[in-house]
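S.K.: upload11.pdb is reproduced in full below (PDB, C-alpha atoms, pLDDT in the B column).
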ATOM      1  CA  MET L  13      -2.787  -9.593   9.268  1.00 67.00           C
ATOM      2  CA  ALA L  14      -6.159  -8.523  10.596  1.00 80.00           C
ATOM      3  CA  ALA L  15      -8.586 -11.232  11.655  1.00 90.00           C
ATOM      4  CA  PRO L  16     -11.101 -12.154   8.943  1.00 94.00           C
ATOM      5  CA  ILE L  17     -14.646 -10.847   9.086  1.00 96.00           C
ATOM      6  CA  ARG L  18     -16.712 -13.766  10.394  1.00 97.00           C
ATOM      7  CA  LEU L  19     -20.025 -14.223   8.600  1.00 97.00           C
ATOM      8  CA  LEU L  20     -23.257 -16.123   9.187  1.00 97.00           C
ATOM      9  CA  LEU L  21     -25.382 -16.778   6.099  1.00 96.00           C
ATOM     10  CA  VAL L  22     -29.154 -17.006   6.599  1.00 94.00           C
ATOM     11  CA  GLU L  23     -30.915 -17.911   3.355  1.00 92.00           C
ATOM     12  CA  ASP L  24     -33.628 -20.519   2.788  1.00 90.00           C
ATOM     13  CA  HIS L  25     -32.863 -21.139  -0.892  1.00 89.00           C
ATOM     14  CA  LEU L  26     -30.113 -23.739  -1.021  1.00 91.00           C
ATOM     15  CA  MET L  27     -28.777 -22.683  -4.412  1.00 92.00           C
ATOM     16  CA  MET L  28     -28.624 -19.022  -3.406  1.00 90.00           C
ATOM     17  CA  ARG L  29     -26.889 -19.880  -0.140  1.00 92.00           C
ATOM     18  CA  ALA L  30     -24.341 -22.055  -1.946  1.00 94.00           C
ATOM     19  CA  ALA L  31     -23.691 -19.297  -4.479  1.00 93.00           C
ATOM     20  CA  LEU L  32     -23.168 -16.768  -1.691  1.00 93.00           C
ATOM     21  CA  ARG L  33     -20.769 -19.101   0.107  1.00 93.00           C
ATOM     22  CA  LEU L  34     -18.695 -19.681  -3.035  1.00 94.00           C
ATOM     23  CA  LEU L  35     -18.618 -15.950  -3.745  1.00 93.00           C
ATOM     24  CA  LEU L  36     -17.486 -15.042  -0.246  1.00 94.00           C
ATOM     25  CA  LEU L  37     -14.823 -17.766  -0.196  1.00 91.00           C
ATOM     26  CA  GLY L  38     -13.088 -15.801  -2.932  1.00 92.00           C
ATOM     27  CA  TYR L  39     -12.169 -13.076  -0.440  1.00 93.00           C
ATOM     28  CA  PRO L  40      -9.414 -14.128   1.999  1.00 93.00           C
ATOM     29  CA  HIS L  41     -10.461 -11.547   4.603  1.00 95.00           C
ATOM     30  CA  LEU L  42     -13.962 -13.068   4.866  1.00 96.00           C
ATOM     31  CA  GLU L  43     -14.852 -16.300   6.685  1.00 96.00           C
ATOM     32  CA  VAL L  44     -18.229 -18.041   6.596  1.00 96.00           C
ATOM     33  CA  VAL L  45     -18.499 -19.603  10.059  1.00 96.00           C
ATOM     34  CA  ALA L  46     -22.027 -21.028   9.758  1.00 96.00           C
ATOM     35  CA  GLU L  47     -25.187 -21.167   7.642  1.00 96.00           C
ATOM     36  CA  SER L  48     -28.889 -21.472   8.334  1.00 93.00           C
ATOM     37  CA  GLU L  49     -32.133 -21.657   6.383  1.00 92.00           C
ATOM     38  CA  SER L  50     -34.385 -20.355   9.168  1.00 89.00           C
ATOM     39  CA  CYS L  51     -34.648 -17.704  11.841  1.00 87.00           C
ATOM     40  CA  GLU L  52     -34.736 -20.308  14.593  1.00 89.00           C
ATOM     41  CA  GLY L  53     -31.542 -21.929  13.353  1.00 92.00           C
ATOM     42  CA  ALA L  54     -29.906 -18.549  12.921  1.00 92.00           C
ATOM     43  CA  LEU L  55     -30.686 -17.537  16.504  1.00 93.00           C
ATOM     44  CA  GLU L  56     -28.972 -20.660  17.833  1.00 94.00           C
ATOM     45  CA  LEU L  57     -25.938 -20.091  15.598  1.00 96.00           C
ATOM     46  CA  VAL L  58     -25.626 -16.417  16.498  1.00 96.00           C
ATOM     47  CA  GLY L  59     -25.511 -17.348  20.173  1.00 94.00           C
ATOM     48  CA  ARG L  60     -22.916 -20.033  19.523  1.00 95.00           C
ATOM     49  CA  HIS L  61     -20.568 -18.295  17.065  1.00 96.00           C
ATOM     50  CA  HIS L  62     -21.121 -14.563  17.696  1.00 96.00           C
ATOM     51  CA  PRO L  63     -20.339 -13.683  14.066  1.00 97.00           C
ATOM     52  CA  ASP L  64     -19.216 -10.204  13.078  1.00 97.00           C
ATOM     53  CA  VAL L  65     -21.891  -9.864  10.396  1.00 97.00           C
ATOM     54  CA  VAL L  66     -25.074 -11.790   9.596  1.00 96.00           C
ATOM     55  CA  LEU L  67     -26.155 -11.805   5.953  1.00 96.00           C
ATOM     56  CA  LEU L  68     -29.885 -12.207   6.437  1.00 93.00           C
ATOM     57  CA  ASP L  69     -32.409 -12.759   3.652  1.00 90.00           C
ATOM     58  CA  ILE L  70     -35.260 -10.364   4.353  1.00 85.00           C
ATOM     59  CA  PHE L  71     -37.892 -13.033   3.554  1.00 82.00           C
ATOM     60  CA  LEU L  72     -37.577 -16.604   4.824  1.00 81.00           C
ATOM     61  CA  ALA L  73     -40.004 -19.495   4.457  1.00 71.00           C
ATOM     62  CA  ASP L  74     -40.681 -19.906   8.176  1.00 54.00           C
ATOM     63  CA  LYS L  75     -41.287 -16.234   9.029  1.00 61.00           C
ATOM     64  CA  SER L  76     -40.310 -12.678   8.213  1.00 70.00           C
ATOM     65  CA  SER L  77     -36.664 -12.350   9.152  1.00 82.00           C
ATOM     66  CA  VAL L  78     -37.288  -8.767  10.287  1.00 81.00           C
ATOM     67  CA  ASP L  79     -38.881 -10.245  13.408  1.00 81.00           C
ATOM     68  CA  CYS L  80     -35.604 -12.018  14.249  1.00 87.00           C
ATOM     69  CA  ILE L  81     -33.312  -8.997  14.130  1.00 89.00           C
ATOM     70  CA  ALA L  82     -33.848  -7.764  17.687  1.00 85.00           C
ATOM     71  CA  LEU L  83     -33.541 -11.339  19.014  1.00 90.00           C
ATOM     72  CA  MET L  84     -30.206 -11.776  17.225  1.00 91.00           C
ATOM     73  CA  ARG L  85     -28.894  -8.481  18.569  1.00 88.00           C
ATOM     74  CA  ALA L  86     -29.938  -9.516  22.088  1.00 89.00           C
ATOM     75  CA  LYS L  87     -28.026 -12.796  21.799  1.00 92.00           C
ATOM     76  CA  SER L  88     -24.917 -11.128  20.339  1.00 93.00           C
ATOM     77  CA  PRO L  89     -24.928  -7.322  20.735  1.00 89.00           C
ATOM     78  CA  ARG L  90     -21.719  -6.827  18.743  1.00 90.00           C
ATOM     79  CA  THR L  91     -23.045  -8.767  15.748  1.00 94.00           C
ATOM     80  CA  ARG L  92     -24.177  -6.570  12.873  1.00 93.00           C
ATOM     81  CA  ILE L  93     -27.077  -7.425  10.589  1.00 93.00           C
ATOM     82  CA  LEU L  94     -26.949  -6.850   6.833  1.00 94.00           C
ATOM     83  CA  MET L  95     -30.226  -7.562   5.069  1.00 91.00           C
ATOM     84  CA  LEU L  96     -30.306  -9.073   1.570  1.00 91.00           C
ATOM     85  CA  THR L  97     -33.438  -8.411  -0.437  1.00 86.00           C
ATOM     86  CA  GLY L  98     -34.876  -8.866  -3.884  1.00 81.00           C
ATOM     87  CA  SER L  99     -37.990  -6.942  -2.909  1.00 73.00           C
ATOM     88  CA  PRO L 100     -38.568  -3.300  -3.894  1.00 69.00           C
ATOM     89  CA  ASP L 101     -40.843  -2.848  -0.849  1.00 67.00           C
ATOM     90  CA  THR L 102     -39.009  -0.155   1.080  1.00 68.00           C
ATOM     91  CA  THR L 103     -41.566  -0.361   3.890  1.00 71.00           C
ATOM     92  CA  VAL L 104     -39.981  -3.680   4.872  1.00 74.00           C
ATOM     93  CA  HIS L 105     -36.497  -2.192   4.538  1.00 75.00           C
ATOM     94  CA  GLY L 106     -37.484   0.596   6.905  1.00 74.00           C
ATOM     95  CA  ARG L 107     -38.875  -1.901   9.422  1.00 76.00           C
ATOM     96  CA  ALA L 108     -35.608  -3.857   9.285  1.00 80.00           C
ATOM     97  CA  MET L 109     -33.560  -0.747  10.050  1.00 77.00           C
ATOM     98  CA  ALA L 110     -35.914   0.243  12.850  1.00 73.00           C
ATOM     99  CA  GLN L 111     -35.472  -3.230  14.399  1.00 78.00           C
ATOM    100  CA  GLY L 112     -31.680  -2.837  14.446  1.00 80.00           C
ATOM    101  CA  ALA L 113     -30.326  -3.910  11.060  1.00 86.00           C
ATOM    102  CA  GLN L 114     -27.268  -1.927   9.994  1.00 85.00           C
ATOM    103  CA  GLY L 115     -27.816  -2.163   6.253  1.00 86.00           C
ATOM    104  CA  VAL L 116     -29.891  -3.297   3.289  1.00 87.00           C
ATOM    105  CA  VAL L 117     -28.462  -4.591  -0.015  1.00 89.00           C
ATOM    106  CA  ARG L 118     -30.521  -5.422  -3.092  1.00 86.00           C
ATOM    107  CA  LYS L 119     -29.717  -8.846  -4.539  1.00 86.00           C
ATOM    108  CA  GLU L 120     -29.263  -7.450  -8.038  1.00 85.00           C
ATOM    109  CA  GLU L 121     -26.245  -5.444  -6.889  1.00 86.00           C
ATOM    110  CA  SER L 122     -22.755  -6.554  -7.952  1.00 89.00           C
ATOM    111  CA  PRO L 123     -20.488  -8.719  -5.746  1.00 91.00           C
ATOM    112  CA  GLU L 124     -18.269  -5.667  -5.280  1.00 91.00           C
ATOM    113  CA  VAL L 125     -21.180  -3.750  -3.754  1.00 90.00           C
ATOM    114  CA  LEU L 126     -21.960  -6.623  -1.384  1.00 93.00           C
ATOM    115  CA  LEU L 127     -18.301  -6.729  -0.335  1.00 93.00           C
ATOM    116  CA  GLN L 128     -18.340  -2.984   0.321  1.00 91.00           C
ATOM    117  CA  ALA L 129     -21.517  -3.313   2.362  1.00 91.00           C
ATOM    118  CA  ILE L 130     -20.049  -6.102   4.503  1.00 95.00           C
ATOM    119  CA  GLU L 131     -16.873  -4.126   5.162  1.00 93.00           C
ATOM    120  CA  ARG L 132     -18.704  -0.903   5.970  1.00 87.00           C
ATOM    121  CA  VAL L 133     -21.237  -2.553   8.280  1.00 90.00           C
ATOM    122  CA  ASN L 134     -18.469  -4.495  10.026  1.00 92.00           C
ATOM    123  CA  ALA L 135     -16.640  -1.207  10.604  1.00 87.00           C
ATOM    124  CA  GLY L 136     -19.681   0.200  12.386  1.00 81.00           C
ATOM    125  CA  HIS L 137     -21.263   2.199   9.573  1.00 79.00           C
ATOM    126  CA  LEU L 138     -24.731   2.006   8.076  1.00 79.00           C
ATOM    127  CA  TRP L 139     -25.252   0.836   4.503  1.00 82.00           C
ATOM    128  CA  PHE L 140     -28.122   1.503   2.122  1.00 72.00           C
ATOM    129  CA  SER L 141     -28.106   0.111  -1.392  1.00 63.00           C
ATOM    130  CA  ALA L 142     -27.812   2.844  -3.994  1.00 53.00           C
ATOM    131  CA  ARG L 143     -30.984   1.393  -5.526  1.00 49.00           C
ATOM    132  CA  ILE L 144     -32.941   2.162  -2.359  1.00 48.00           C
ATOM    133  CA  GLU L 145     -33.705   5.846  -2.768  1.00 45.00           C
ATOM    134  CA  ARG L 146     -35.921   6.286   0.286  1.00 46.00           C
ATOM    135  CA  LEU L 147     -36.804   4.381   3.425  1.00 46.00           C
ATOM    136  CA  PRO L 148     -40.398   4.923   4.543  1.00 45.00           C
ATOM    137  CA  ALA L 149     -41.339   5.160   8.168  1.00 43.00           C
ATOM    138  CA  PRO L 150     -41.906   1.831   9.932  1.00 42.00           C
ATOM    139  CA  GLU L 151     -45.571   0.889  10.012  1.00 43.00           C
ATOM    140  CA  GLU L 152     -45.537   0.903  13.813  1.00 42.00           C
ATOM    141  CA  ASN L 153     -44.470   4.570  13.944  1.00 41.00           C
ATOM    142  CA  THR L 154     -47.634   6.469  14.800  1.00 35.00           C
ATOM    143  CA  ASN L 155     -45.825   9.827  14.762  1.00 37.00           C
ATOM    144  CA  THR L 156     -44.941   9.739  11.057  1.00 35.00           C
ATOM    145  CA  ALA L 157     -46.864  12.881  10.149  1.00 33.00           C
ATOM    146  CA  VAL L 158     -45.315  14.811  13.026  1.00 34.00           C
ATOM    147  CA  VAL L 159     -41.780  13.600  12.303  1.00 36.00           C
ATOM    148  CA  THR L 160     -42.004  14.229   8.560  1.00 42.00           C
ATOM    149  CA  ASP L 161     -42.748  17.928   9.182  1.00 43.00           C
ATOM    150  CA  GLY L 162     -39.984  18.244  11.783  1.00 62.00           C
ATOM    151  CA  THR L 163     -37.171  19.142   9.383  1.00 73.00           C
ATOM    152  CA  ALA L 164     -38.470  22.723   9.216  1.00 77.00           C
ATOM    153  CA  SER L 165     -37.393  23.158  12.841  1.00 84.00           C
ATOM    154  CA  LEU L 166     -33.794  22.031  12.189  1.00 87.00           C
ATOM    155  CA  THR L 167     -30.999  24.524  11.783  1.00 91.00           C
ATOM    156  CA  ALA L 168     -28.759  24.343   8.709  1.00 90.00           C
ATOM    157  CA  ARG L 169     -26.013  22.685  10.779  1.00 92.00           C
ATOM    158  CA  GLU L 170     -28.469  20.172  12.222  1.00 91.00           C
ATOM    159  CA  ARG L 171     -29.654  19.274   8.731  1.00 89.00           C
ATOM    160  CA  GLU L 172     -26.015  18.761   7.724  1.00 91.00           C
ATOM    161  CA  VAL L 173     -25.450  16.441  10.686  1.00 91.00           C
ATOM    162  CA  MET L 174     -28.610  14.484   9.792  1.00 88.00           C
ATOM    163  CA  GLU L 175     -27.432  14.040   6.183  1.00 85.00           C
ATOM    164  CA  LEU L 176     -24.019  12.793   7.332  1.00 87.00           C
ATOM    165  CA  ILE L 177     -25.674  10.352   9.730  1.00 83.00           C
ATOM    166  CA  GLY L 178     -27.663   9.138   6.720  1.00 74.00           C
ATOM    167  CA  GLU L 179     -24.356   8.459   4.957  1.00 72.00           C
ATOM    168  CA  GLY L 180     -23.346   6.223   7.871  1.00 69.00           C
ATOM    169  CA  LEU L 181     -20.642   8.476   9.350  1.00 77.00           C
ATOM    170  CA  ARG L 182     -19.637   8.276  13.001  1.00 78.00           C
ATOM    171  CA  ASN L 183     -19.427  11.339  15.254  1.00 86.00           C
ATOM    172  CA  SER L 184     -15.664  11.676  14.822  1.00 88.00           C
ATOM    173  CA  ALA L 185     -15.963  11.607  11.022  1.00 86.00           C
ATOM    174  CA  ILE L 186     -18.837  14.090  11.129  1.00 91.00           C
ATOM    175  CA  ALA L 187     -16.803  16.408  13.340  1.00 92.00           C
ATOM    176  CA  SER L 188     -13.874  16.220  10.929  1.00 92.00           C
ATOM    177  CA  ARG L 189     -16.091  16.840   7.890  1.00 91.00           C
ATOM    178  CA  MET L 190     -17.788  19.845   9.522  1.00 93.00           C
ATOM    179  CA  GLY L 191     -14.699  21.236  11.224  1.00 94.00           C
ATOM    180  CA  VAL L 192     -16.200  21.118  14.707  1.00 93.00           C
ATOM    181  CA  SER L 193     -15.616  19.180  17.918  1.00 93.00           C
ATOM    182  CA  GLY L 194     -17.156  15.823  18.757  1.00 90.00           C
ATOM    183  CA  LYS L 195     -18.944  17.530  21.649  1.00 92.00           C
ATOM    184  CA  THR L 196     -20.586  19.940  19.210  1.00 93.00           C
ATOM    185  CA  VAL L 197     -21.757  17.050  17.025  1.00 92.00           C
ATOM    186  CA  GLN L 198     -23.280  15.323  20.054  1.00 91.00           C
ATOM    187  CA  HIS L 199     -25.010  18.586  21.017  1.00 93.00           C
ATOM    188  CA  HIS L 200     -26.519  18.794  17.521  1.00 92.00           C
ATOM    189  CA  LEU L 201     -27.657  15.159  17.703  1.00 91.00           C
ATOM    190  CA  THR L 202     -29.360  15.694  21.046  1.00 91.00           C
ATOM    191  CA  SER L 203     -31.265  18.620  19.564  1.00 92.00           C
ATOM    192  CA  ILE L 204     -32.152  16.675  16.393  1.00 90.00           C
ATOM    193  CA  PHE L 205     -33.450  13.669  18.355  1.00 87.00           C
ATOM    194  CA  ARG L 206     -35.686  15.981  20.388  1.00 88.00           C
ATOM    195  CA  LYS L 207     -37.028  17.928  17.400  1.00 86.00           C
ATOM    196  CA  LEU L 208     -37.683  14.910  15.168  1.00 83.00           C
ATOM    197  CA  GLU L 209     -38.824  12.648  18.014  1.00 78.00           C
ATOM    198  CA  VAL L 210     -36.465   9.828  17.022  1.00 76.00           C
ATOM    199  CA  ASN L 211     -34.785   7.598  19.576  1.00 73.00           C
ATOM    200  CA  ASP L 212     -31.372   6.807  18.151  1.00 71.00           C
ATOM    201  CA  ARG L 213     -28.949   7.025  15.216  1.00 75.00           C
ATOM    202  CA  LEU L 214     -30.584   4.183  13.291  1.00 68.00           C
ATOM    203  CA  GLU L 215     -33.990   5.838  13.363  1.00 70.00           C
ATOM    204  CA  LEU L 216     -32.363   9.126  12.354  1.00 80.00           C
ATOM    205  CA  ALA L 217     -30.514   7.456   9.466  1.00 75.00           C
ATOM    206  CA  ALA L 218     -33.729   5.880   8.223  1.00 69.00           C
ATOM    207  CA  PHE L 219     -35.459   9.249   8.535  1.00 72.00           C
ATOM    208  CA  ALA L 220     -32.636  10.960   6.597  1.00 75.00           C
ATOM    209  CA  HIS L 221     -33.031   8.488   3.740  1.00 63.00           C
ATOM    210  CA  ARG L 222     -36.807   8.726   3.852  1.00 60.00           C
ATOM    211  CA  THR L 223     -36.779  12.513   3.462  1.00 61.00           C
ATOM    212  CA  ARG L 224     -33.887  12.745   1.012  1.00 56.00           C
ATOM    213  CA  PRO L 225     -35.066  14.204  -2.319  1.00 46.00           C
ATOM    214  CA  LEU L 226     -35.283  11.647  -5.095  1.00 38.00           C
ATOM    215  CA  LYS L 227     -32.477  11.808  -7.639  1.00 38.00           C
ATOM    216  CA  PRO L 228     -33.522  12.833 -11.132  1.00 36.00           C
ATOM    217  CA  PRO L 229     -33.572   9.930 -13.606  1.00 35.00           C
ATOM    218  CA  SER L 230     -30.326   9.472 -15.515  1.00 38.00           C
ATOM    219  CA  ASP L 231     -30.282   9.911 -19.273  1.00 35.00           C
TER     220      ASP L 231
END
Could you render the structure from this file as structure tokens?
M.R.:
Amino acid sequence: MAAPIRLLLVEDHLMMRAALRLLLLGYPHLEVVAESESCEGALELVGRHHPDVVLLDIFLADKSSVDCIALMRAKSPRTRILMLTGSPDTTVHGRAMAQGAQGVVRKEESPEVLLQAIERVNAGHLWFSARIERLPAPEENTNTAVVTDGTASLTAREREVMELIGEGLRNSAIASRMGVSGKTVQHHLTSIFRKLEVNDRLELAAFAHRTRPLKPPSD
């Protein structure tokens, strides 16, 4: 049997944290190794336990948890961060992704969606809640106007690569989907990074979601 996915819960509401723990205990392939109610406590626990995935409430009483993401990644580079949020403010979601979070899940989603998000993020993919239609540019990005217009310079194949990155696919999966080599995918990515002035896959994924057309309302 594969080793369980080791989780750290960071949530300052005791009842919510207890509910999350009880929910996750129902899945034998998940293991809650530690819990914290603050960023400071979480940083110490990340360094001690090196969990596979941190479930991090996007707003904590002591400070914005977005500010802790880079510090957590520095303490445990292989640990992945999955943000939990009840806020519709996609500006904060975008900041979290720009800081190194691998996913954002709305708290009103079902337990099955949370489980999927944990599994996908643990496997190295990105996850965006279906309820989060767009991610805006981080507030610190001063090149937003330039980047937003950059899609006109992308080729059709580059736009396809960007969309697949937005879905959380790795290079090998993108190559398989497009019927090209991994080297070709990397060539496209290098060109995309240069044209859109983004630094890495996470920024590109956030950009892909930010520029994705809104879905029409369902009947």
S.K.: Which is closest to Ser203 in chain L among L:Ala54, L:Val173, L:Leu94, L:Lys119, if we use all atoms listed in the file?
M.R.: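 Of all the options, L:Val173 lies closest to Ser203 in chain L.
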S.K.: Taking all atoms of range 200-206 of chain L that appear in the file, build a box with edges along x, y and z, extend it by 5 Å on every side, and state its centre and edge lengths in Å to one decimal, as JSON.
M.R.:
{"center_x": -31.1, "center_y": 16.2, "center_z": 18.7, "size_x": 19.2, "size_y": 15.1, "size_z": 14.7}
S.K.: Nearest to Thr103 in chain L among L:Cys80, L:Cys51, L:Ile70, L:Ala129, with distances taken over all atoms listed in the file: which residue is it?
M.R.: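 Of L:Cys80, L:Cys51, L:Ile70, L:Ala129, the one nearest Thr103 in chain L, counting all atoms listed in the file, is L:Ile70.
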S.K.: Expressed in Å to a single decimal, how great is the separation between CA of Asp64 in chain L and CA of Leu176 in chain L?
M.R.: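 Between CA of Asp64 in chain L and CA of Leu176 in chain L the gap works out to 24.2 Å.
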S.K.: Restricting the calculation to all atoms listed in the file, which member of L:Val22, L:Ala86, L:Leu55, L:Arg33 is positioned closest to Phe71 in chain L?
M.R.: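 Closest to Phe71 in chain L of all the choices is L:Val22.
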S.K.: With only C-alpha atoms as the atoms that count, which of L:Leu19, L:Met174, L:Val65, L:Leu57 lies nearest to Val210 in chain L?
M.R.: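 With only C-alpha atoms as the atom set, the closest residue is L:Met174.
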S.K.: Name the closest residue to Thr91 in chain L among the candidates L:Ser122, L:Asn134, L:Ser50, L:Gln198; distances are taken between atoms, counting only C-alpha atoms.
M.R.: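 Checking each candidate against Thr91 in chain L, we get L:Asn134 as the closest.
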S.K.: Supply range 25-50 of chain L as an mmCIF file, in the coordinates of the input, with N, CA and C atoms built in where the input has gaps.
M.R.:
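The resulting file, part-v6.cif, is shown below:
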data_model
loop_
_atom_site.group_PDB
_atom_site.id
_atom_site.type_symbol
_atom_site.label_atom_id
_atom_site.label_comp_id
_atom_site.auth_asym_id
_atom_site.auth_seq_id
_atom_site.Cartn_x
_atom_site.Cartn_y
_atom_site.Cartn_z
ATOM 1 N N HIS L 25 -33.032 -20.517 0.412
ATOM 2 C CA HIS L 25 -32.863 -21.139 -0.892
ATOM 3 C C HIS L 25 -31.456 -21.730 -0.983
ATOM 4 N N LEU L 26 -31.385 -23.035 -1.073
ATOM 5 C CA LEU L 26 -30.113 -23.739 -1.021
ATOM 6 C C LEU L 26 -29.148 -23.262 -2.098
ATOM 7 N N MET L 27 -29.648 -23.090 -3.321
ATOM 8 C CA MET L 27 -28.777 -22.683 -4.412
ATOM 9 C C MET L 27 -28.213 -21.276 -4.173
ATOM 10 N N MET L 28 -29.066 -20.380 -3.697
ATOM 11 C CA MET L 28 -28.624 -19.022 -3.406
ATOM 12 C C MET L 28 -27.591 -19.016 -2.291
ATOM 13 N N ARG L 29 -27.823 -19.821 -1.263
ATOM 14 C CA ARG L 29 -26.889 -19.880 -0.140
ATOM 15 C C ARG L 29 -25.543 -20.444 -0.587
ATOM 16 N N ALA L 30 -25.586 -21.470 -1.437
ATOM 17 C CA ALA L 30 -24.341 -22.055 -1.946
ATOM 18 C C ALA L 30 -23.590 -21.050 -2.812
ATOM 19 N N ALA L 31 -24.326 -20.295 -3.627
ATOM 20 C CA ALA L 31 -23.691 -19.297 -4.479
ATOM 21 C C ALA L 31 -23.037 -18.203 -3.636
ATOM 22 N N LEU L 32 -23.726 -17.776 -2.586
ATOM 23 C CA LEU L 32 -23.168 -16.768 -1.691
ATOM 24 C C LEU L 32 -21.892 -17.274 -1.028
ATOM 25 N N ARG L 33 -21.942 -18.528 -0.555
ATOM 26 C CA ARG L 33 -20.769 -19.101 0.107
ATOM 27 C C ARG L 33 -19.575 -19.139 -0.837
ATOM 28 N N LEU L 34 -19.786 -19.602 -2.058
ATOM 29 C CA LEU L 34 -18.695 -19.681 -3.035
ATOM 30 C C LEU L 34 -18.151 -18.291 -3.357
ATOM 31 N N LEU L 35 -19.049 -17.323 -3.471
ATOM 32 C CA LEU L 35 -18.618 -15.950 -3.745
ATOM 33 C C LEU L 35 -17.748 -15.420 -2.617
ATOM 34 N N LEU L 36 -18.194 -15.600 -1.392
ATOM 35 C CA LEU L 36 -17.486 -15.042 -0.246
ATOM 36 C C LEU L 36 -16.161 -15.754 0.013
ATOM 37 N N LEU L 37 -16.080 -17.038 -0.355
ATOM 38 C CA LEU L 37 -14.823 -17.766 -0.196
ATOM 39 C C LEU L 37 -13.708 -17.195 -1.062
ATOM 40 N N GLY L 38 -14.078 -16.407 -2.059
ATOM 41 C CA GLY L 38 -13.088 -15.801 -2.932
ATOM 42 C C GLY L 38 -12.354 -14.627 -2.304
ATOM 43 N N TYR L 39 -12.802 -14.202 -1.126
ATOM 44 C CA TYR L 39 -12.169 -13.076 -0.440
ATOM 45 C C TYR L 39 -11.472 -13.592 0.819
ATOM 46 N N PRO L 40 -10.145 -13.542 0.869
ATOM 47 C CA PRO L 40 -9.414 -14.128 1.999
ATOM 48 C C PRO L 40 -9.691 -13.458 3.345
ATOM 49 N N HIS L 41 -10.207 -12.220 3.327
ATOM 50 C CA HIS L 41 -10.461 -11.547 4.603
ATOM 51 C C HIS L 41 -11.886 -11.792 5.097
ATOM 52 N N LEU L 42 -12.626 -12.679 4.421
ATOM 53 C CA LEU L 42 -13.962 -13.068 4.866
ATOM 54 C C LEU L 42 -13.973 -14.539 5.236
ATOM 55 N N GLU L 43 -14.741 -14.896 6.261
ATOM 56 C CA GLU L 43 -14.852 -16.300 6.685
ATOM 57 C C GLU L 43 -16.307 -16.622 7.009
ATOM 58 N N VAL L 44 -16.861 -17.588 6.306
ATOM 59 C CA VAL L 44 -18.229 -18.041 6.596
ATOM 60 C C VAL L 44 -18.145 -19.066 7.727
ATOM 61 N N VAL L 45 -18.634 -18.718 8.898
ATOM 62 C CA VAL L 45 -18.499 -19.603 10.059
ATOM 63 C C VAL L 45 -19.687 -20.534 10.217
ATOM 64 N N ALA L 46 -20.845 -20.172 9.620
ATOM 65 C CA ALA L 46 -22.027 -21.028 9.758
ATOM 66 C C ALA L 46 -23.095 -20.578 8.765
ATOM 67 N N GLU L 47 -24.075 -21.458 8.556
ATOM 68 C CA GLU L 47 -25.187 -21.167 7.642
ATOM 69 C C GLU L 47 -26.483 -21.679 8.253
ATOM 70 N N SER L 48 -27.579 -21.029 7.876
ATOM 71 C CA SER L 48 -28.889 -21.472 8.334
ATOM 72 C C SER L 48 -29.927 -21.157 7.274
ATOM 73 N N GLU L 49 -31.025 -21.908 7.310
ATOM 74 C CA GLU L 49 -32.133 -21.657 6.383
ATOM 75 C C GLU L 49 -33.344 -21.072 7.094
ATOM 76 N N SER L 50 -33.234 -20.831 8.408
ATOM 77 C CA SER L 50 -34.385 -20.355 9.168
ATOM 78 C C SER L 50 -33.952 -19.388 10.260
#
